[in-house]
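Just data39.txt here, compact mmCIF, C-alpha atoms:
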# COMPACT_ATOMS: atom_id res chain seq x y z
CA MET A 258 3.68 -25.14 0.76
CA LYS A 259 6.39 -23.48 2.84
CA ILE A 260 6.18 -20.52 0.49
CA ALA A 261 2.39 -20.28 0.74
CA ILE A 262 2.44 -20.36 4.54
CA SER A 263 5.30 -17.90 4.68
CA CYS A 264 3.59 -15.37 2.38
CA PHE A 265 0.27 -15.89 4.16
CA PHE A 266 2.04 -15.06 7.43
CA ALA A 267 3.58 -11.93 5.87
CA GLY A 268 0.08 -10.87 4.77
CA ILE A 269 -1.30 -11.42 8.29
CA LEU A 270 1.49 -9.38 9.83
CA PHE A 271 1.15 -6.62 7.24
CA GLY A 272 -2.64 -6.37 7.50
CA GLY A 273 -2.49 -6.74 11.28
CA GLY A 274 -0.23 -3.70 11.40
CA LEU A 275 -2.58 -1.75 9.15
CA THR A 276 -5.52 -2.68 11.38
CA LEU A 277 -3.85 -1.98 14.73
CA SER A 278 -2.60 1.40 13.49
CA GLN A 279 -6.09 2.17 12.08
CA MET A 280 -4.66 2.80 8.63
CA ILE A 281 -7.55 0.67 7.33
CA ASN A 282 -9.84 3.55 8.29
CA PRO A 283 -9.98 6.09 5.42
CA ARG A 284 -11.05 8.81 7.87
CA LYS A 285 -7.83 8.33 9.85
CA VAL A 286 -5.71 8.68 6.69
CA ILE A 287 -7.56 11.84 5.62
CA SER A 288 -7.00 13.28 9.12
CA PHE A 289 -3.26 12.94 8.50
CA LEU A 290 -3.36 14.61 5.10
CA ASP A 291 -5.62 17.38 6.44
CA ILE A 292 -2.80 19.52 7.79
CA THR A 293 -4.95 22.66 8.01
CA GLY A 294 -7.68 20.90 10.02
CA ASN A 295 -7.78 18.75 13.16
CA TRP A 296 -4.42 17.19 12.27
CA ASP A 297 -3.71 13.59 13.32
CA PRO A 298 0.02 12.77 12.87
CA SER A 299 -0.50 9.01 13.47
CA LEU A 300 0.29 8.03 9.86
CA ALA A 301 3.75 9.57 10.17
CA PHE A 302 4.40 7.31 13.19
CA VAL A 303 3.17 4.27 11.27
CA MET A 304 5.43 5.06 8.35
CA GLY A 305 8.35 6.02 10.58
CA ALA A 306 8.17 2.77 12.55
CA ALA A 307 7.64 0.63 9.43
CA LEU A 308 10.53 2.36 7.68
CA SER A 309 12.93 2.00 10.63
CA VAL A 310 12.21 -1.72 11.07
CA THR A 311 12.46 -2.36 7.30
CA PHE A 312 15.66 -0.35 6.96
CA ILE A 313 17.44 -2.32 9.68
CA GLY A 314 15.84 -5.65 8.69
CA TYR A 315 16.78 -5.29 5.00
CA LYS A 316 20.38 -4.48 6.00
CA VAL A 317 20.61 -7.79 7.86
CA VAL A 318 18.64 -9.88 5.35
CA LEU A 319 20.27 -8.59 2.15
CA LYS A 320 23.74 -9.53 3.45
CA LYS A 321 22.74 -13.16 2.96
CA HIS A 322 23.33 -14.90 -0.39
CA SER A 323 19.71 -15.79 -0.95
CA PRO A 324 16.26 -15.81 0.69
CA LEU A 325 15.16 -18.93 2.58
CA PHE A 326 12.77 -20.42 0.02
CA ILE A 327 13.94 -19.14 -3.39
CA SER A 328 17.27 -18.72 -5.15
CA LYS A 329 17.55 -14.93 -5.31
CA PHE A 330 16.30 -11.58 -4.06
CA GLN A 331 14.14 -9.65 -6.54
CA LEU A 332 14.98 -6.01 -6.05
CA PRO A 333 13.83 -3.09 -8.23
CA THR A 334 16.19 -2.47 -11.14
CA HIS A 335 14.91 0.94 -12.26
CA ASN A 336 16.89 3.89 -11.03
CA LYS A 337 15.82 6.65 -13.36
CA ILE A 338 13.66 9.45 -12.03
CA ASP A 339 11.44 10.22 -15.00
CA ALA A 340 8.18 11.96 -15.81
CA ARG A 341 6.29 8.65 -15.67
CA LEU A 342 7.31 8.10 -12.04
CA ILE A 343 6.42 11.62 -10.92
CA PHE A 344 3.18 11.76 -12.92
CA GLY A 345 2.15 8.32 -11.61
CA ALA A 346 2.93 9.17 -7.99
CA ALA A 347 1.08 12.49 -8.35
CA ILE A 348 -2.04 10.77 -9.71
CA PHE A 349 -1.85 8.11 -7.02
CA GLY A 350 -1.63 10.85 -4.35
CA ILE A 351 -4.75 12.55 -5.71
CA GLY A 352 -6.73 9.29 -5.53
CA TRP A 353 -5.31 8.56 -2.07
CA GLY A 354 -6.26 12.01 -0.78
CA LEU A 355 -9.70 11.84 -2.40
CA ALA A 356 -10.80 8.57 -0.78
CA GLY A 357 -8.30 8.06 2.04
CA LEU A 358 -7.53 4.64 0.59
CA CYS A 359 -4.41 3.09 -0.86
CA PRO A 360 -4.19 -0.51 -2.15
CA GLY A 361 -3.16 -2.31 1.09
CA PRO A 362 -5.83 -0.97 3.44
CA ALA A 363 -8.47 -1.15 0.70
CA ILE A 364 -7.87 -4.88 0.14
CA ALA A 365 -7.61 -5.59 3.89
CA SER A 366 -11.03 -3.97 4.44
CA VAL A 367 -12.90 -5.97 1.79
CA SER A 368 -14.48 -8.47 4.22
CA PHE A 369 -15.99 -5.88 6.58
CA GLY A 370 -15.93 -2.51 4.75
CA GLY A 371 -19.23 -3.10 2.96
CA THR A 372 -20.13 -1.85 -0.50
CA ASN A 373 -17.64 1.02 -0.46
CA SER A 374 -14.67 -1.32 0.01
CA LEU A 375 -15.94 -3.63 -2.72
CA ILE A 376 -16.52 -0.75 -5.14
CA PHE A 377 -13.06 0.68 -4.50
CA VAL A 378 -11.14 -2.60 -4.72
CA GLY A 379 -13.21 -3.77 -7.72
CA THR A 380 -12.64 -0.55 -9.65
CA MET A 381 -8.95 -0.39 -8.72
CA THR A 382 -8.37 -4.02 -9.74
CA VAL A 383 -10.16 -3.63 -13.09
CA THR A 384 -8.18 -0.43 -13.73
CA ILE A 385 -4.86 -2.16 -12.99
CA PHE A 386 -5.81 -5.07 -15.24
CA ALA A 387 -6.84 -2.71 -18.06
CA PHE A 388 -3.68 -0.65 -17.60
CA ARG A 389 -1.41 -3.70 -17.78
CA TYR A 390 -3.28 -5.01 -20.83
CA VAL A 391 -2.97 -1.72 -22.76
CA ASN A 392 0.63 -1.25 -21.61
CA THR A 393 1.63 -4.70 -22.88
CA LYS A 394 -0.09 -4.08 -26.24
CA LEU A 395 1.70 -0.74 -26.59
CA GLN A 396 5.06 -2.34 -25.82
CA ILE A 397 4.45 -5.02 -28.44
CA ALA A 398 3.39 -2.37 -30.97
CA GLN A 399 6.60 -0.41 -30.35
CA LYS A 400 8.82 -3.42 -31.06
CA MET B 109 -5.16 16.22 17.68
CA GLU B 110 -7.53 14.28 19.99
CA ASN B 111 -7.48 11.21 17.71
CA PHE B 112 -3.68 10.99 17.68
CA SER B 113 -2.65 7.42 18.59
CA PRO B 114 1.16 7.26 18.62
CA ILE B 115 1.50 3.94 20.45
CA THR B 116 -0.77 1.77 18.27
CA ALA B 117 0.55 3.66 15.22
CA SER B 118 4.16 2.78 16.08
CA LEU B 119 3.33 -0.84 16.99
CA GLY B 120 1.27 -1.27 13.83
CA GLY B 121 4.03 0.34 11.77
CA ALA B 122 6.61 -2.02 13.30
CA MET B 123 4.39 -5.00 12.32
CA ILE B 124 4.23 -3.70 8.74
CA GLY B 125 8.02 -3.39 8.78
CA LEU B 126 8.43 -6.94 10.12
CA ALA B 127 6.10 -8.20 7.37
CA ALA B 128 8.23 -6.46 4.73
CA VAL B 129 11.45 -7.88 6.22
CA TRP B 130 9.99 -11.38 6.49
CA LEU B 131 8.76 -11.36 2.87
CA MET B 132 12.26 -10.35 1.74
CA ALA B 133 14.00 -12.87 4.02
CA SER B 134 11.76 -15.77 3.04
CA TYR B 135 10.82 -15.14 -0.57
CA GLY B 136 13.03 -12.25 -1.70
CA ARG B 137 10.19 -9.89 -2.59
CA ILE B 138 9.34 -6.26 -1.99
CA ALA B 139 6.14 -5.90 0.08
CA GLY B 140 4.50 -3.46 -2.31
CA ILE B 141 0.78 -4.07 -2.47
CA SER B 142 0.14 -2.49 -5.87
CA GLY B 143 3.03 -4.50 -7.33
CA ILE B 144 1.88 -7.78 -5.75
CA LEU B 145 -1.63 -7.12 -7.10
CA GLY B 146 -0.45 -6.04 -10.55
CA GLY B 147 1.69 -9.18 -10.89
CA ILE B 148 -1.43 -11.34 -10.70
CA PHE B 149 -2.30 -10.09 -14.19
CA GLU B 150 1.06 -10.93 -15.73
CA LYS B 151 1.36 -13.98 -18.01
CA ASN B 152 3.85 -15.86 -15.82
CA ASN B 153 1.69 -18.45 -14.05
CA ASN B 154 4.43 -19.71 -11.75
CA ASP B 155 4.49 -16.38 -10.00
CA LYS B 156 0.90 -16.10 -8.78
CA PHE B 157 0.48 -18.52 -5.91
CA TRP B 158 2.53 -16.53 -3.42
CA ARG B 159 0.59 -13.35 -4.29
CA PHE B 160 -2.75 -15.01 -3.47
CA SER B 161 -1.30 -16.41 -0.23
CA PHE B 162 -0.19 -12.94 0.81
CA PHE B 163 -3.59 -11.42 0.00
CA LEU B 164 -5.39 -14.18 1.91
CA GLY B 165 -3.36 -13.21 4.97
CA LEU B 166 -4.16 -9.56 4.36
CA LEU B 167 -7.90 -10.35 4.21
CA VAL B 168 -7.91 -12.45 7.38
CA SER B 169 -5.67 -10.19 9.48
CA PRO B 170 -8.18 -7.47 10.51
CA HIS B 171 -10.42 -10.12 12.07
CA LEU B 172 -7.53 -11.50 14.14
CA VAL B 173 -6.59 -8.04 15.44
CA SER B 174 -10.25 -7.23 16.09
CA LEU B 175 -10.28 -10.00 18.73
CA PHE B 176 -8.40 -7.51 20.91
CA ASP B 177 -10.47 -4.47 19.96
CA VAL B 178 -13.53 -4.92 17.79
CA SER B 179 -13.92 -1.14 17.29
CA LEU B 180 -10.90 -1.23 14.94
CA LEU B 181 -13.23 -2.57 12.25
CA ASN B 182 -15.48 0.51 12.42
CA ILE B 183 -14.23 2.41 9.43
CA GLU B 184 -15.61 5.53 7.76
CA PHE B 185 -15.50 6.44 4.09
CA PRO B 186 -15.36 10.22 3.63
CA VAL B 187 -16.43 9.96 -0.02
CA GLU B 188 -18.79 7.58 -1.78
CA GLY B 189 -20.23 6.96 -5.24
CA PRO B 190 -18.62 8.68 -8.24
CA LEU B 191 -15.83 10.28 -6.18
CA LEU B 192 -14.90 6.91 -4.65
CA ILE B 193 -14.84 5.31 -8.11
CA THR B 194 -12.73 8.18 -9.48
CA ALA B 195 -10.30 7.75 -6.58
CA ALA B 196 -10.01 4.01 -7.27
CA ILE B 197 -9.24 4.65 -10.96
CA LEU B 198 -6.59 7.25 -10.04
CA VAL B 199 -5.01 4.88 -7.50
CA GLY B 200 -5.05 2.07 -10.08
CA ILE B 201 -3.41 4.09 -12.87
CA GLY B 202 -1.09 6.06 -10.59
CA THR B 203 0.40 3.03 -8.84
CA GLN B 204 1.04 1.23 -12.13
CA LEU B 205 2.58 4.27 -13.84
CA GLY B 206 4.66 5.15 -10.78
CA ASN B 207 5.50 1.49 -9.97
CA GLY B 208 4.39 1.63 -6.37
CA CYS B 209 2.23 2.93 -3.58
CA THR B 210 2.54 3.77 0.13
CA SER B 211 3.98 0.31 0.86
CA GLY B 212 6.28 -0.31 -2.12
CA HIS B 213 7.74 3.18 -2.31
CA GLY B 214 6.80 4.58 1.11
CA VAL B 215 8.13 1.71 3.20
CA CYS B 216 10.25 -0.74 1.17
CA GLY B 217 11.78 1.61 -1.44
CA ASN B 218 12.62 4.29 1.09
CA ALA B 219 14.18 1.64 3.33
CA LEU B 220 16.46 0.75 0.38
CA LEU B 221 17.22 4.49 0.09
CA SER B 222 15.96 4.38 -3.51
CA GLN B 223 15.94 7.86 -5.01
CA ARG B 224 12.90 6.93 -7.10
CA SER B 225 10.97 5.98 -3.98
CA ILE B 226 11.97 9.13 -2.11
CA VAL B 227 10.78 11.29 -5.02
CA ALA B 228 7.56 9.25 -5.39
CA THR B 229 6.78 9.44 -1.67
CA LEU B 230 7.26 13.21 -1.53
CA THR B 231 5.13 13.58 -4.66
CA PHE B 232 2.15 11.54 -3.46
CA MET B 233 2.29 13.13 0.00
CA ILE B 234 2.13 16.59 -1.56
CA THR B 235 -0.67 15.81 -4.04
CA GLY B 236 -2.57 13.94 -1.29
CA ILE B 237 -2.39 16.94 1.04
CA ILE B 238 -3.43 19.33 -1.76
CA THR B 239 -6.34 17.06 -2.72
CA VAL B 240 -7.68 16.91 0.86
CA PHE B 241 -7.37 20.69 1.07
CA VAL B 242 -9.23 21.23 -2.20
CA ILE B 243 -11.97 18.71 -1.36
CA LYS B 244 -12.47 20.28 2.05
CA PHE B 245 -13.22 23.67 0.56
CA THR B 246 -15.25 22.47 -2.42
CA VAL B 247 -17.18 19.28 -1.59
CA GLY B 248 -16.75 19.87 2.15
CA VAL B 249 -16.15 16.36 3.49
Here is a file; write its structure as C-alpha cells.
Amino acid sequence: MKIAISCFFAGILFGGGLTLSQMINPRKVISFLDITGNWDPSLAFVMGAALSVTFIGYKVVLKKHSPLFISKFQLPTHNKIDARLIFGAAIFGIGWGLAGLCPGPAIASVSFGGTNSLIFVGTMTVTIFAFRYVNTKLQIAQK
Amino acid sequence: MENFSPITASLGGAMIGLAAVWLMASYGRIAGISGILGGIFEKNNNDKFWRFSFFLGLLVSPHLVSLFDVSLLNIEFPVEGPLLITAAILVGIGTQLGNGCTSGHGVCGNALLSQRSIVATLTFMITGIITVFVIKFTVGV
C-alpha cells in the first residue's frame, strides 16, 4: 500500500508539472520545435528545471544503500550507443514533432483531451504491446 | 515569443524533477513514461501494480492543477486523423526501440549523465525540429 500511494504521488507530481508548464498542450510543444516560426522556448525551461532538480536529487538519493520501499535501485544497464538507439530516437522524434505529443502528456490528457487524446494513447499503447510481443518472439526464435 | 512562459515552465519542470527523484528515492525506478507503460505488457505480474498507481496519479493530476487555472486544460491538437495515428505509431515504435522518451532519456537519463540518453535526446530534438519544419511547409499546420 505504501508503494501504491508513493507511486500515485509521483504520478500526481509528474503530471502536475506537465500541466502547469503546459506541456500537455501539443500546440505548446510544436511552438518549441518550430524554431523558424513564432518560437516559444518554454520547453527548454521545463527540461532545464526538471534536469537540474533530478541531477541534484539523484546525487543525494543514489548515495543511499537502497530506496525506501524496495531492496535495490533499478538503473539502466545498457551503455552501448548503437543503431537501434539512434534509429528509435529518430523515429520517436518524428512522431513527437508530427503530433506535438510524447507518452507522458498524451496519457495525462486522456480524461479531458477528447477523441484525439484517446486515439493517440490507444494507438500508441497497441503499438507498444505489438512491438513487445514481436520482439519477445524474435528473441525466442534467435535462441 | 508572446506565448513564452518561463516561470510556470520552470516551476512545472521542477515538479517533474521532484517526481523523478521521489520515484527513485521511494521505489528505485526511473521515471520514464514509455518504459513504465511498456513494462505493463511484460510477463512479470509482480511488477505491474506500481505502474498503474503512477498512471492513476498522472491521469488525476491535470484536474488538481486546473483548480488554480482551468484554462490549462484547453489544449489544441495541430494534427488529427491519419497523421495523428501515424504519429502515435512512430512514438510507440520509436520509444521501444530507443528505450525511452522525453522523460526517460530527456530528464532521468541525462541527469545520470548517460551517454545513450544524451545521444537519444539530441537525436529526437533534431528529428522533431525537422519534422515540424517539413510539416509547416507541406501540410501547413
Task: Nearby residues, (13.0, -6.5, 8.7) file frame, 7 Å, all atoms listed in the file, as an MDAnalysis selection string - done: (chainID A and resid 310:315) or (chainID B and resid 125:126 128:130)
- [ ] Kindly indicate which residue among A:Leu300, A:Ala356, A:Ala340, A:Ile364 lies nearest to Gly268 in chain A, using only C-alpha atoms for the distances.
- [x]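 With only C-alpha atoms as the atom set, the closest residue is A:Ile364.
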Open item on the list: Counting all atoms listed in the file, which residue out of B:Glu150, B:Ala139, B:Gly217, B:Leu167 sits closest to chain A?
Closed with: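 Nearest candidate to chain A out of B:Glu150, B:Ala139, B:Gly217, B:Leu167: B:Leu167.
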- [ ] Might you pull out every residue within 10 Å of Arg341 in chain A, with only C-alpha atoms counted and same-chain residues fewer than 5 positions away left off, and present them as a PyMOL selection string?
- [x] (chain A and resi 346-347) or (chain B and resi 202+204-207)
Task: Contacts of Met233 in chain B at 9 Å (all atoms listed in the file; same-chain gap of 5+ positions) as a list in words - done: Leu290, Ala346, Ala347, Gly350 and Gly354 of chain A; Ala228 and Ile238 of chain B
TODO: Give me the residues within 10 Å of Gly274 in chain A as a ChimeraX atom specification, counting only C-alpha atoms and dropping any in the same chain fewer than 2 places off.
DONE: /A:268-272,276-281,303,307 /B:116-127,166,169-170,173
- [ ] Excluding Val199 in chain B and residues on its chain fewer than 2 positions from it, collect all residues at most 9 Å away from it, counting all atoms listed in the file, and give them as a ChimeraX atom specification.
- [x] /A:345,348-353,358-360,381,384-385 /B:194-197,201-204,209
TODO: For Asn218 in chain B, list every protein, DNA or RNA residue within 12 Å, evaluated using only C-alpha atoms, and leave out those in the same chain fewer than 4 positions away; present the list as number ranges by chain.
DONE: A: 304-305, 307-313, 315, 333; B: 125, 138, 140, 208-214, 222-230
